[in-house]
Each structure stands twice: as structure tokens, then as C-alpha cells.
Amino acid sequence: MRGLKNSLPDMRFLRVFLLIFGVALVSACGNAVGPDGINDPFEASNRRVHDFNRAVDRAFLGPVSKGYGSAIPKPVIRVVGNLAGTLDLPGDIANDLLQFRLADAAQNTLRLGVNLTMGVGGIFDASTALGLPAKPTDFGETLHVWGASEGPYLELPFAGPSTLRDATGTVVDFAMNPLRLALPPKEAMAATALKLFSRIGDRDRYSETVESILYDSADSYAQARLLYLQNRRFTLSRGATTGTEDDYIDPYEDPYAE
Amino acid sequence: MPNDSALSRRDFALALTGGLALAVLPHGAAALTEDSAKALVDKTVASINDIINSGKSESAMLVDFEKLFARYADVAAIARSVLGTAARSASDGQMSAYTKAFQGYISRKYGRRFREFIGGRIEVAEAKAVKSFYEVISTAYLQGEAPFEVRWHVSDKSGKDLFFNIIIEGVNMLASERTEMGALLDQRGGDLDTLIADLKSL
């Protein structure tokens with residue numbers, strides 16, 4: 001009995017020690033990207049956000065986009081997309097400059113000029129027709145160019161899959177958007193509304209893909225996370241390999257193969 | 001003694017063909033080159049277009065997609081890789097049943113999306129050697145979409161030139177299906193036989 005009594009404070013000490021050590025261990029792991037190239041220390045809370053996003057899509061975004069897609073004529077949907085794309089251009093150009101990508105800045109500036117003139121104020125995407133395709137970018141990419149690491153994976157309410165770096169980029173893009181800063185409040189609101197409708201149009205246009213991920217996969221959270229990270233890394237690597245093991249999976253040298 | 005007879009049948013087949021096959025295979029005429037890897041992708045894309053333009057019903061097209069997949073893809077290698085660690089403890093019987101079920105599952109899953117391909121084309125640009133296989137880089141032009149990159153990984157390790165992975169704008173079929181199959185297996189408490197049975201209706 002004496003031995004047990006004596007050992008109790010020690011046990012408590014051990015638990016506190018393990019707790020602190022454990023937290024340190026978890027945060028250390030949080031910074032390490034696993035062999036699968038996924039760094040997701042906030043998986044539990046991310047999954048809760050994912051369930052929320054899925055519920056929002058099922059109850060609201062999905063049906064609304066379906067209604068939008070069938071009620072609004074295709075050319076109008078395209079015009080909304082074109083306008084939203086043109087409204088993004090000032091922000092794209094600013095980011096191109098911050099990334100020291102002068103050719104991209106020039107291309108997007110030219111796109112802005114062509115779409116505002118020949119494209120009648122951005123109603124038509126005249127640039128793409130002329131062989132000047134869209135070159136969208138964002139502050140998340142700027143941070144990447146500046147050498148910021150991807151950081152942990154995050155699923156954001158309403159906005160969906162992201163990373164710490166991309167989420168920071170989204171906030172900065174919203175706060176520093178040159179268009180929003182230049183426009184009077186009412187026009188800025190109209191621009192935001194236009195962007196929202198453009199997103200709803202995209203949800204309808206890619207409904208097969210979105211629904212196969214959200215509702216047909218066995219683990220929609222893991223599937224959305226993988227697709228986002230792979231596609232995002234591909235975009236940021238600009239044609240080079242992303243440097244993760246997934247680039248060149250060789251099933252013939254699979255350690256599990258016989 | 002089923003084991004004995006299986007063994008002797010294999011021995012008999014080996015004796016009959018083994019020596020010849022071993023002598024021919026390493027320097028076989030079917031050795032993978034840049035051109036043959038590209039040719040495989042060209043043939044695959046042409047066959048996809050043929051199926052889409054055949055005017056058949058969707059269910060008939062899905063049957064054709066499965067045949068295409070069995071012909072141009074290394075289904076056994078894909079199926080095994082996608083199953084991951086669970087493939088290690090599976091019996092030969094389970095693996096062959098699983099591979100067969102997987103072939104139907106993957107053909108239906110990707111075949112159902114054929115509408116997105118209507119009126120589209122894929123242009124094969126280049127092939128390059130990577131690790132022990134070839135990577136064929138192509139560009140897909142789908143109606144109303146900006147062109148996007150599709151990479152095909154082709155190997156001759158099966159004895160024939162076959163593709164085993166498709167990467168669309170960085171999104172990797174093997175990685176994606178590994179995640180999916182892992183989740184499907186988890187949902188079934190790791191029971192491979194239940195997974196095999198369920199794959200047939202997925």
C-alpha cells in the first residue's frame with residue numbers, strides 16, 4: 001500500500017510529462033510531411049468542417065447551382081464567368097508583379113485591355129479567342145514563389161480545401177484586391193456578387209466531378225484533400241514534377257508486391 | 001492432391017515454353033521504346049473515341065470500356081497497387097477475384113464520365129523514360145474547357161506495353177484509387193471478401 005501511495009504523485013508527474021511531451025511530439029509531426037505527401041495535423045477539426053461543407057452543398061449550393069444552371073441561359077452564365085474573370089485580372093496582375101513574373105503580368109494586362117475594349121467591358125473573353133488564355137494566380141502562389149512552405153492542410157468553411165499558405169493567400173487577396181479598393185462600396189459589392197454567381201456556375205458546370213468526390217467516394221474528405229493537394233502542387237510547380245512520391249508511383253517495385 | 005497436380009501442370013507448361021520464353025523475353029521485339037509507349041496511348045485514345053462515337057447505349061459502352069481497359073491497361077498491377085498492404089495477406093484466389101471485380105469497378109467508374117469527352121481530343125506530345133517505365137505527356141482538348149495536361153505511365157513489365165497510371169493535371173489515378181480502396185476496406189473492417197463482393201455493384 002505504501003508503495004502505491006508513494007507512486008501516485010509520480011504517476012501524475014509522468015502523465016503531465018507525457019502530455020507535454022506528447023503535444024510537442026504532435027506539433028513536431030505536424031510540420032513533417034508524411035511519405036504520402038500529406039501534412040494534416042488538424043484532421044479532426046478539418047473533418048468537422050468538411051461535414052459542414054458537405055451539408056451546405058447538399059442543402060444549398062448543389063440545388064441552387066442546379067437551378068441556376070437550368071434556369072439561366074448558357075450564354076448568360078458564360079458572360080457572368082467572363083466578367084468575374086476580368087474582375088480578377090487586376091489582382092492577378094498585382095500578384096504576377098509580386099512574383100516577379102513580368103511575362104505573366106504583361107499577358108494579364110493585355111487580357112485586361114483586350115477584354116475591356118474588344119470584349120465590351122469584360123462581357124466577352126476576347127483574349128482567349130485571340131490566343132491569350134487566362135493565367136490566373138493568387139497570393140497563395142506569390143507566397144510559394146517567395147519560398148513559404150505549404151503548411152498544414154486546412155478545410156475552410158464554405159471555401160473548402162486549402163492549406164495554411166493558401167488560406168493566408170485568400171485572406172490577403174480579399175483584403176488587398178486592387179479592384180475592391182478602387183471601386184466605390186456599391187460597385188465593389190456588385191463585383192463580389194458577380195464572383196459568387198460565377199462560383200455557383202462553376203459548381204453546376206463541374207457537378208459530375210464535384211458530386212463524384214463529395215457523394216460517391218468512400219471517404220470524401222480524404223479524396224478531396226488528395227485531389228486538392230495534387231492539383232495545387234501541380235499548378236504551382238508549373239509543369240515540373242511536384243517532388244512527392246506520388247509523381248512516379250511504380251507498382252512494379254511495390255514493396256507489397258510479391 | 002490438388003496442389004500436386006497444379007504443380008505438375010505448371011512444371012509441364014514451364015518445360016514446354018519456359019526455356020523458349022526466357023531466351024526471347026529480355027530482348028523481345030516488344031521492348032518498350034518512346035515510340036511504342038506513345039503508340040499505346042494513341043491506340044487507347046482512338047479506341048475511346050470509337051466507343052464514344054459508336055452510338056451504343058450507355059450500358060453497352062461500359063462493357064466496351066471494360067474491354068478497352070483490359071486490353072490497354074495492366075489491370076493486375078493497378079489492382080494490386082491500389083489495394084496496398086492488404087494485397088500482402090490476400091490469397092491467390094482472393095487476388096484474382098479482387099482483380100476481376102476491380103476491373104469492372106474501375107471501368108464503370110471512369111466509363112460513366114465519357115460524356116465529358118464527347119467532341120474532345122487528346123494530342124500526344126512526347127514520351128520520356130522515368131524510373132523503369134515511360135511517361136507519355138499529352139494534352140486534352142475538351143469542348144468549352146481550357147486545354148489540360150494528361151500524363152500516362154506505360155510499362156512493359158507485364159510482357160506487353162500497357163499503361164498503369166493516368167495523371168490529369170497532377171491528379172493521380174493510382175493515388176486517388178489507393179485512398180478510395182483503403183477507405184472502402186476500412187468501412188468493411190478490413191474484410192477483403194466483402195470488399196470483392198461489394199466492388200461488383202459499386
# chains A, B, ... in the order shown; residues from 1 in each chain; ligands from 1

$ closest_atom_pairs --of "chain B" --to "chain A" --cutoff "6 Å" --atoms "only C-alpha atoms" --output "CSV"
residue,atom,partner,partner_atom,distance
B:Ser81,CA,A:Pro251,CA,5.5
B:Thr85,CA,A:Tyr256,CA,5.9
B:Arg88,CA,A:Tyr256,CA,5.6
B:Gly170,CA,A:Phe234,CA,4.9
B:Val171,CA,A:Gln230,CA,5.4
B:Glu180,CA,A:Ala218,CA,5.9
B:Ala183,CA,A:Ala218,CA,5.6
B:Leu184,CA,A:Ala218,CA,5.6

$ write_last_selection --atoms "C-alpha atoms" --output "PDB file, in the first residue's frame"
ATOM      1  CA  SER B  81      -1.055  -1.367 -56.170  1.00  0.00           C
ATOM      2  CA  THR B  85      -0.761  -3.549 -47.822  1.00  0.00           C
ATOM      3  CA  ARG B  88       0.210  -8.883 -48.987  1.00  0.00           C
ATOM      4  CA  GLY B 170      -1.385  16.421 -61.275  1.00  0.00           C
ATOM      5  CA  VAL B 171      -4.298  14.283 -60.100  1.00  0.00           C
ATOM      6  CA  GLU B 180     -10.615   5.142 -52.144  1.00  0.00           C
ATOM      7  CA  ALA B 183     -11.458   3.729 -47.230  1.00  0.00           C
ATOM      8  CA  LEU B 184     -13.722   1.072 -48.750  1.00  0.00           C
TER       9      LEU B 184
END

$ select_by_dssp --residues "range 121-201 of chain B" --states "strand (DSSP E)" --output "MDAnalysis selection string"
chainID B and resid 121:130 133:141 148:155 162:168 171:172

$ residues_around --residues "range 100-110 of chain A" --least-positions-apart "6" --cutoff "9 Å" --atoms "only C-alpha atoms" --output "ChimeraX atom specification"
/A:89-90,92-94,127,132-136,145

$ residues_around --residues "range 120-123 of chain A" --least-positions-apart "2" --cutoff "10 Å" --atoms "only C-alpha atoms" --output "MDAnalysis selection string"
chainID A and resid 76 78:87 111:118 125:127

$ write_last_selection --atoms "C-alpha atoms" --output "CSV table (one decimal), in the first residue's frame"
chain,number,residue,atom,x,y,z
A,76,VAL,CA,-25.6,34.5,-69.7
A,78,ARG,CA,-20.7,32.4,-69.7
A,79,VAL,CA,-21.0,36.2,-69.5
A,80,VAL,CA,-21.1,36.1,-65.7
A,81,GLY,CA,-18.0,33.9,-65.8
A,82,ASN,CA,-16.2,36.2,-68.2
A,83,LEU,CA,-17.0,39.3,-66.1
A,84,ALA,CA,-15.8,37.6,-62.9
A,85,GLY,CA,-12.6,36.5,-64.7
A,86,THR,CA,-12.0,40.0,-65.9
A,87,LEU,CA,-12.6,41.5,-62.5
A,111,ARG,CA,-6.0,40.4,-71.4
A,112,LEU,CA,-7.5,43.2,-69.3
A,113,GLY,CA,-7.1,45.7,-72.1
A,114,VAL,CA,-8.5,43.4,-74.8
A,115,ASN,CA,-11.4,42.2,-72.7
A,116,LEU,CA,-12.4,45.7,-71.6
A,117,THR,CA,-12.3,47.1,-75.2
A,118,MET,CA,-13.0,44.3,-77.7
A,125,ASP,CA,-13.4,36.8,-73.2
A,126,ALA,CA,-12.0,38.2,-76.4
A,127,SER,CA,-8.4,37.5,-75.3

$ select_by_dssp --residues "range 18-140 of chain B" --states "alpha helix (DSSP H)" --output "ChimeraX atom specification"
/B:19-24,34-52,58-72,75-83,86-89,92-111

$ write_last_selection --atoms "C-alpha atoms" --output "PDB file, in the first residue's frame"
ATOM      1  CA  GLY B  19      13.149 -22.189 -71.979  1.00  0.00           C
ATOM      2  CA  LEU B  20      11.984 -20.525 -75.146  1.00  0.00           C
ATOM      3  CA  ALA B  21      10.223 -17.634 -73.354  1.00  0.00           C
ATOM      4  CA  LEU B  22      13.203 -16.925 -71.099  1.00  0.00           C
ATOM      5  CA  ALA B  23      15.533 -16.826 -74.048  1.00  0.00           C
ATOM      6  CA  VAL B  24      13.317 -14.464 -76.032  1.00  0.00           C
ATOM      7  CA  GLU B  34       9.394   6.067 -76.630  1.00  0.00           C
ATOM      8  CA  ASP B  35       7.561   5.333 -79.849  1.00  0.00           C
ATOM      9  CA  SER B  36       5.812   2.205 -78.644  1.00  0.00           C
ATOM     10  CA  ALA B  37       4.739   3.976 -75.435  1.00  0.00           C
ATOM     11  CA  LYS B  38       3.290   6.823 -77.491  1.00  0.00           C
ATOM     12  CA  ALA B  39       1.679   4.333 -79.870  1.00  0.00           C
ATOM     13  CA  LEU B  40      -0.076   2.640 -76.952  1.00  0.00           C
ATOM     14  CA  VAL B  41      -1.565   5.935 -75.788  1.00  0.00           C
ATOM     15  CA  ASP B  42      -2.585   6.810 -79.356  1.00  0.00           C
ATOM     16  CA  LYS B  43      -4.339   3.463 -79.722  1.00  0.00           C
ATOM     17  CA  THR B  44      -6.050   3.870 -76.360  1.00  0.00           C
ATOM     18  CA  VAL B  45      -7.297   7.365 -77.214  1.00  0.00           C
ATOM     19  CA  ALA B  46      -8.504   6.197 -80.655  1.00  0.00           C
ATOM     20  CA  SER B  47     -10.400   3.338 -79.013  1.00  0.00           C
ATOM     21  CA  ILE B  48     -12.029   5.699 -76.510  1.00  0.00           C
ATOM     22  CA  ASN B  49     -13.201   7.869 -79.400  1.00  0.00           C
ATOM     23  CA  ASP B  50     -14.516   4.820 -81.272  1.00  0.00           C
ATOM     24  CA  ILE B  51     -16.569   3.774 -78.248  1.00  0.00           C
ATOM     25  CA  ILE B  52     -17.982   7.264 -77.670  1.00  0.00           C
ATOM     26  CA  GLU B  58     -24.518   3.608 -72.110  1.00  0.00           C
ATOM     27  CA  SER B  59     -24.511   0.072 -70.692  1.00  0.00           C
ATOM     28  CA  ALA B  60     -23.084  -1.321 -73.948  1.00  0.00           C
ATOM     29  CA  MET B  61     -20.426   1.391 -73.918  1.00  0.00           C
ATOM     30  CA  LEU B  62     -19.460   0.473 -70.350  1.00  0.00           C
ATOM     31  CA  VAL B  63     -18.887  -3.103 -71.491  1.00  0.00           C
ATOM     32  CA  ASP B  64     -16.664  -1.779 -74.296  1.00  0.00           C
ATOM     33  CA  PHE B  65     -14.771   0.437 -71.853  1.00  0.00           C
ATOM     34  CA  GLU B  66     -14.030  -2.587 -69.705  1.00  0.00           C
ATOM     35  CA  LYS B  67     -12.653  -4.451 -72.726  1.00  0.00           C
ATOM     36  CA  LEU B  68     -10.530  -1.421 -73.610  1.00  0.00           C
ATOM     37  CA  PHE B  69      -9.229  -1.220 -70.076  1.00  0.00           C
ATOM     38  CA  ALA B  70      -8.388  -4.927 -70.017  1.00  0.00           C
ATOM     39  CA  ARG B  71      -6.589  -4.605 -73.341  1.00  0.00           C
ATOM     40  CA  TYR B  72      -4.502  -1.454 -72.863  1.00  0.00           C
ATOM     41  CA  VAL B  75      -5.180  -4.223 -64.651  1.00  0.00           C
ATOM     42  CA  ALA B  76      -3.434  -6.733 -62.370  1.00  0.00           C
ATOM     43  CA  ALA B  77      -0.646  -4.295 -61.457  1.00  0.00           C
ATOM     44  CA  ILE B  78      -3.090  -1.408 -60.950  1.00  0.00           C
ATOM     45  CA  ALA B  79      -5.441  -3.519 -58.827  1.00  0.00           C
ATOM     46  CA  ARG B  80      -2.611  -4.801 -56.627  1.00  0.00           C
ATOM     47  CA  SER B  81      -1.055  -1.367 -56.170  1.00  0.00           C
ATOM     48  CA  VAL B  82      -4.413   0.185 -55.306  1.00  0.00           C
ATOM     49  CA  LEU B  83      -5.085  -2.463 -52.656  1.00  0.00           C
ATOM     50  CA  ALA B  86      -3.925  -5.679 -47.905  1.00  0.00           C
ATOM     51  CA  ALA B  87      -2.582  -7.342 -51.063  1.00  0.00           C
ATOM     52  CA  ARG B  88       0.210  -8.883 -48.987  1.00  0.00           C
ATOM     53  CA  SER B  89      -2.054 -11.042 -46.863  1.00  0.00           C
ATOM     54  CA  ASP B  92      -4.138 -16.057 -54.751  1.00  0.00           C
ATOM     55  CA  GLY B  93      -7.832 -16.836 -55.060  1.00  0.00           C
ATOM     56  CA  GLN B  94      -8.775 -13.577 -53.355  1.00  0.00           C
ATOM     57  CA  MET B  95      -6.366 -11.618 -55.551  1.00  0.00           C
ATOM     58  CA  SER B  96      -7.776 -12.994 -58.778  1.00  0.00           C
ATOM     59  CA  ALA B  97     -11.381 -12.431 -57.617  1.00  0.00           C
ATOM     60  CA  TYR B  98     -10.459  -8.939 -56.457  1.00  0.00           C
ATOM     61  CA  THR B  99      -8.635  -8.100 -59.721  1.00  0.00           C
ATOM     62  CA  LYS B 100     -11.658  -9.203 -61.737  1.00  0.00           C
ATOM     63  CA  ALA B 101     -14.053  -7.169 -59.566  1.00  0.00           C
ATOM     64  CA  PHE B 102     -11.690  -4.189 -59.686  1.00  0.00           C
ATOM     65  CA  GLN B 103     -11.582  -4.286 -63.485  1.00  0.00           C
ATOM     66  CA  GLY B 104     -15.362  -3.906 -63.662  1.00  0.00           C
ATOM     67  CA  TYR B 105     -15.440  -1.279 -60.921  1.00  0.00           C
ATOM     68  CA  ILE B 106     -12.764   0.967 -62.445  1.00  0.00           C
ATOM     69  CA  SER B 107     -14.195   0.638 -65.971  1.00  0.00           C
ATOM     70  CA  ARG B 108     -17.657   1.652 -64.805  1.00  0.00           C
ATOM     71  CA  LYS B 109     -16.318   4.478 -62.664  1.00  0.00           C
ATOM     72  CA  TYR B 110     -14.314   6.124 -65.431  1.00  0.00           C
ATOM     73  CA  GLY B 111     -16.521   4.943 -68.294  1.00  0.00           C
TER      74      GLY B 111
END

$ residues_around --residues "Arg121 in chain B" --least-positions-apart "3" --cutoff "9 Å" --atoms "only C-alpha atoms" --output "list in words"
Val45, Asn49, Phe117, Ile118, Thr139, Ala140, Tyr141 and Leu142 of chain B

$ write_last_selection --atoms "C-alpha atoms" --output "PDB file, in the first residue's frame"
ATOM      1  CA  VAL B  45      -7.297   7.365 -77.214  1.00  0.00           C
ATOM      2  CA  ASN B  49     -13.201   7.869 -79.400  1.00  0.00           C
ATOM      3  CA  PHE B 117     -15.058  13.500 -73.561  1.00  0.00           C
ATOM      4  CA  ILE B 118     -17.597  13.875 -76.395  1.00  0.00           C
ATOM      5  CA  THR B 139      -2.860  17.475 -73.925  1.00  0.00           C
ATOM      6  CA  ALA B 140      -6.622  17.049 -73.719  1.00  0.00           C
ATOM      7  CA  TYR B 141      -8.856  19.444 -75.608  1.00  0.00           C
ATOM      8  CA  LEU B 142     -12.393  19.148 -74.314  1.00  0.00           C
TER       9      LEU B 142
END

$ closest_residue --among "B:Asp74, B:Ser54, B:Arg178, B:Ala90" --to "Val154 in chain B" --atoms "only C-alpha atoms"
B:Asp74

$ residues_around --residues "Phe42 in chain A" --least-positions-apart "2" --cutoff "10 Å" --atoms "only C-alpha atoms" --output "PyMOL selection string"
chain A and resi 30+39-40+44-47+152-155

$ atom_distance --atom1 "CA of Tyr134 in chain B" --atom2 "CA of Arg113 in chain B"
26.1 Å

$ atom_distance --atom1 "CA of Thr170 in chain A" --atom2 "CA of Gln99 in chain A"
15.9 Å

$ residues_around --residues "Arg203 in chain A" --least-positions-apart "4" --cutoff "12 Å" --atoms "only C-alpha atoms" --output "VMD selection string"
chain A and resid 57 to 58 60 to 69 77 81 196 to 199 207 to 211

$ write_last_selection --atoms "C-alpha atoms" --output "JSON list (two decimals), in the first residue's frame"
[["chain", "number", "residue", "atom", "x", "y", "z"],
["A", 57, "ASP", "CA", -23.55, 21.71, -50.60],
["A", 58, "ARG", "CA", -26.28, 19.12, -50.26],
["A", 60, "PHE", "CA", -27.98, 24.73, -50.58],
["A", 61, "LEU", "CA", -25.12, 25.07, -53.06],
["A", 62, "GLY", "CA", -25.90, 21.93, -55.06],
["A", 63, "PRO", "CA", -29.63, 22.60, -55.57],
["A", 64, "VAL", "CA", -29.08, 26.34, -56.12],
["A", 65, "SER", "CA", -26.40, 25.72, -58.74],
["A", 66, "LYS", "CA", -28.61, 23.15, -60.45],
["A", 67, "GLY", "CA", -31.43, 25.69, -60.55],
["A", 68, "TYR", "CA", -29.08, 28.41, -61.75],
["A", 69, "GLY", "CA", -27.68, 26.14, -64.46],
["A", 77, "ILE", "CA", -23.78, 32.04, -67.43],
["A", 81, "GLY", "CA", -17.98, 33.87, -65.76],
["A", 196, "LEU", "CA", -20.37, 34.43, -56.18],
["A", 197, "PHE", "CA", -22.63, 33.72, -59.16],
["A", 198, "SER", "CA", -19.60, 32.69, -61.17],
["A", 199, "ARG", "CA", -18.74, 30.17, -58.44],
["A", 207, "SER", "CA", -21.23, 18.97, -60.97],
["A", 208, "GLU", "CA", -20.29, 15.45, -62.09],
["A", 209, "THR", "CA", -16.78, 15.78, -60.73],
["A", 210, "VAL", "CA", -17.85, 17.58, -57.54],
["A", 211, "GLU", "CA", -20.59, 15.07, -56.81]]

$ atom_distance --atom1 "CA of Ser149 in chain A" --atom2 "CA of Phe52 in chain A"
27.5 Å
